[in-house]
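Let me begin by presenting the structure, written as structure tokens, before commenting on it.
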Amino acid sequence: MNPFTRFLSRGLGDEALAAFIEQWDALEGLVIRVYRGQAAEAEDEAEYQALRGWLERQYPRWQEALRPYWRRARVAGKAAERDPFSRLLEARTAADFVGDWEAMQHLPAAREALNQLVLNQT
């Protein structure tokens with residue numbers, strides 16, 4: 001788990017939210033790794049498909065709760081215009097993140113929304 005999110009999550013009794021955050025952390029790490037490495041290996045593709053499938057099934061449970069937080073977040077210095085979680089899950093393959101600076105810019109908005117949700121849950 002992201003160190004700051006882990007700190008905020010102390011005392012969080014919601015195992016489903018903790019699992020969502022754990023999977024999101026894995027996706028965030030994959031996006032960064034693929035973007036920086038400028039390539040997606042077969043393992044990255046397999047991991048992305050598994051993460052994407054899980055997150056697409058679970059995200060609807062958290063979507064409305066996260067909405068007010070990401071709407072206050074900033075993407076590339078401007079107010080977020082779209083759901084950063086959906087933006088990142090719309091990629092069909094891990095290779096789609098190669099050179100996708102816009103995806104990288106949506107990661108902080110998603111993290112901020114998760115942290116704010118955790119703060120309000122604890």
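Chain labels follow the order of the structure tokens: the first chain is A, the next B, and so on; residue numbering restarts at 1 in every chain, and ligands are counted from 1 in their shown order.
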*Distance query Glu81 (chain A) at most 10 Å, only C-alpha atoms, self and fewer than 6 positions along chain excluded, as a PyMOL selection string*: chain A and resi 70-75
Writer output for current selection, C-alpha atoms, as a short mmCIF file (atom, residue, chain, number, x, y, z; two decimals), in the first residue's frame:
```
data_model
loop_
_atom_site.label_atom_id
_atom_site.label_comp_id
_atom_site.auth_asym_id
_atom_site.auth_seq_id
_atom_site.Cartn_x
_atom_site.Cartn_y
_atom_site.Cartn_z
CA TRP A 70 -11.61 13.40 -7.48
CA ARG A 71 -13.77 16.31 -8.64
CA ARG A 72 -11.80 18.54 -6.27
CA ALA A 73 -8.46 17.10 -7.42
CA ARG A 74 -6.23 18.58 -10.09
CA VAL A 75 -4.96 16.95 -13.25
#
```
*Running DSSP on the backbone, which parts of region 71-102 of chain A land in strand (DSSP E), as number ranges by chain?*
A: 74-75, 78-79
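Residue nearest Leu117 (chain A) within the list A:Val31, A:Ala42, A:Ala65, A:Ala18: A:Ala65 [criterion: smallest interatomic distance, only C-alpha atoms].
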*Could you please write out, as a ChimeraX atom specification, every residue of chain A that DSSP assigns to alpha helix (DSSP H)?*
/A:3-9,15-37,42-72,84-89,101-121
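Distance annotation: of A:Tyr48, A:Tyr69, A:Arg36, A:Asp25, the residue with the minimal separation from Ala91 (chain A) is A:Tyr48; atom set is only C-alpha atoms.
Take the candidates A:Trp24, A:Leu66, A:Gly29, A:Gly99 and check each one against Gln116 (chain A) using only C-alpha atoms; the shortest distance goes to A:Leu66.
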Set the distance at 8 Å and use only C-alpha atoms: which residues neighbour Leu55 (chain A) once local chain neighbours fewer than 3 positions away are removed? I'd like the list as a PDB file with N, CA and C atoms, in the first residue's frame.
```pdb
ATOM      1  N   PHE A  20      -9.549  -2.869  -2.266  1.00  0.00           N
ATOM      2  CA  PHE A  20      -9.604  -2.001  -3.442  1.00  0.00           C
ATOM      3  C   PHE A  20      -8.332  -1.154  -3.525  1.00  0.00           C
ATOM      4  N   GLN A  23      -5.302  -3.220  -4.643  1.00  0.00           N
ATOM      5  CA  GLN A  23      -5.300  -3.495  -6.084  1.00  0.00           C
ATOM      6  C   GLN A  23      -5.002  -2.226  -6.874  1.00  0.00           C
ATOM      7  N   TRP A  24      -5.531  -1.095  -6.402  1.00  0.00           N
ATOM      8  CA  TRP A  24      -5.251   0.170  -7.089  1.00  0.00           C
ATOM      9  C   TRP A  24      -3.761   0.495  -7.003  1.00  0.00           C
ATOM     10  N   LEU A  51      -5.607  -7.156 -12.966  1.00  0.00           N
ATOM     11  CA  LEU A  51      -5.954  -5.982 -12.164  1.00  0.00           C
ATOM     12  C   LEU A  51      -7.161  -5.264 -12.751  1.00  0.00           C
ATOM     13  N   ARG A  52      -7.144  -5.064 -14.034  1.00  0.00           N
ATOM     14  CA  ARG A  52      -8.249  -4.360 -14.688  1.00  0.00           C
ATOM     15  C   ARG A  52      -9.569  -5.095 -14.487  1.00  0.00           C
ATOM     16  N   GLN A  58     -15.031  -4.210  -9.085  1.00  0.00           N
ATOM     17  CA  GLN A  58     -15.152  -3.613  -7.752  1.00  0.00           C
ATOM     18  C   GLN A  58     -15.382  -2.104  -7.762  1.00  0.00           C
ATOM     19  N   TYR A  59     -14.914  -1.423  -8.779  1.00  0.00           N
ATOM     20  CA  TYR A  59     -14.999   0.032  -8.778  1.00  0.00           C
ATOM     21  C   TYR A  59     -16.425   0.564  -8.631  1.00  0.00           C
ATOM     22  N   LEU A  89      -8.590   2.824 -16.261  1.00  0.00           N
ATOM     23  CA  LEU A  89      -9.105   1.478 -16.568  1.00  0.00           C
ATOM     24  C   LEU A  89      -9.580   1.332 -18.012  1.00  0.00           C
TER      25      LEU A  89
END
```
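Restricting the calculation to only C-alpha atoms, the smallest distance between Gly77 (chain A) and any of A:Glu47, A:Glu102, A:Glu90, A:Glu41 is found for A:Glu102.
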*asked:* Report, in Å to a single decimal, how far apart CA of Ala103 (chain A) and CA of Leu88 (chain A) are.
replied: 6.2 Å
_Just to confirm, what's the straight-line distance from CA of Leu119 (chain A) to CA of Leu107 (chain A) in Å (one decimal)?_
18.4 Å
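Nearest-residue note for Glu112 (chain A): choosing from A:Ala50, A:Ile32, A:Ala80, A:Ala26, the minimum distance belongs to A:Ala80, counting only C-alpha atoms.
Nearest residue to Gln105 (chain A) among A:Arg61, A:Tyr35, A:Glu45, A:Gly53 is A:Tyr35, counting only C-alpha atoms.
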